[in-house]
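Q: I am attaching a structure below and will ask some questions about it afterwards.
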Amino acid sequence: MSRYSRLRMLLPSVEHSGFQILRSNQVFRQTARTRLRYDLGRLAPFSAVPQSASTAARGSFASLTASDLQHFRTVLGEGNVVTPDEVDREDLLRFNQDWMGKWEGRSAAILKPSSTAEVSAILKYANERNLAVVPQGGNTGLVGGSVPVHDELVLSLLRMNHVEALDSRSGIVTVQSGCVLEHLDQYLAKDGFMVPLDLGSKGTCTIGGNAATNAGGLRYLRYGSLRGNIL
């Protein structure tokens, strides 16, 4: 079972957070500008040709077979398993390439589960067959961590995008890992709550990816990193 297939978070109240967040954002922006000026002088020339996100060898992982694809289609449904033979390369770029166009893999298949049970079934089978898997949320990372290095299966969690429960007394929300950060924040605002995290990529990034990378963002100084708010 994926560690972040379902998350429970402790939420701050919008009513008591405005002034502190404003001050935190001012400090964050000033620090970010200083850091950016420092980093720009150290950057290597950017390559226009996408590269592999790692120089690691492919290793002894098994190659995907027609039998494997049939098994995944039985578990997920026909339309939720995508291979390079079925669609154009451009349609696969959102899964194989990071959003800066710097890193690119060659995934053998894109798998799109909609529940924790389906994630568990995929990983159980992949482990038995020794198939390499890379989990992926909104694919907004900057270091190539969410794209394949070689021909790994991409486990896309974008269909797991539901809010399962909100306890307005305790301020605890339970969400699936593919829930987009901005959508969750809008959902919670109706009950006077907000996600203790704000990012420039909030319209695309997902809660599972935020948790996996321990995202900080604009509200970090007030509420800490995201993992500190996960129960």
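Following the order of the structure tokens, first chain is A, next is B, and so on, with residues numbered from 1 inside each chain and ligands from 1 in the order they appear.
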Just the helix (DSSP H, G or I) stuff from region 70-190 of chain A, please, per backbone DSSP, written as an NGL selection string.
A: :A and (70-76 or 78-80 or 89-96 or 116-129 or 181-189)
Q: So which residues touch Leu158 (chain A) within 8 Å, counting only C-alpha atoms, skipping near sequence neighbours fewer than 4 positions away, as a VMD selection string?
A: chain A and resid 112 137 to 138 178 to 179 206
Q: For region 73-89 of chain A, list every protein, DNA or RNA residue within 9 Å, evaluated using only C-alpha atoms, and leave out those in the same chain fewer than 6 positions away; present the list as number ranges by chain.
A: A: 106-114, 118, 121-122
Q: To one decimal in Å, tell me the separation between CA of Arg219 (chain A) and CA of Ser146 (chain A).
A: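 Separation between CA of Arg219 (chain A) and CA of Ser146 (chain A): 23.8 Å.
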Q: Which residues in region 41-173 of chain A does DSSP call strand (DSSP E)? List them as a list in words.
A: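 Across region 41-173 of chain A, those assigned strand (DSSP E) are Val81, Val82, Ile110, Leu111, Val133, Val134, Pro135, Gln136, Leu153, Val154, Leu155, Ser156, Val163, Glu164, Ala165, Leu166, Asp167, Ile172 and Val173 of chain A.
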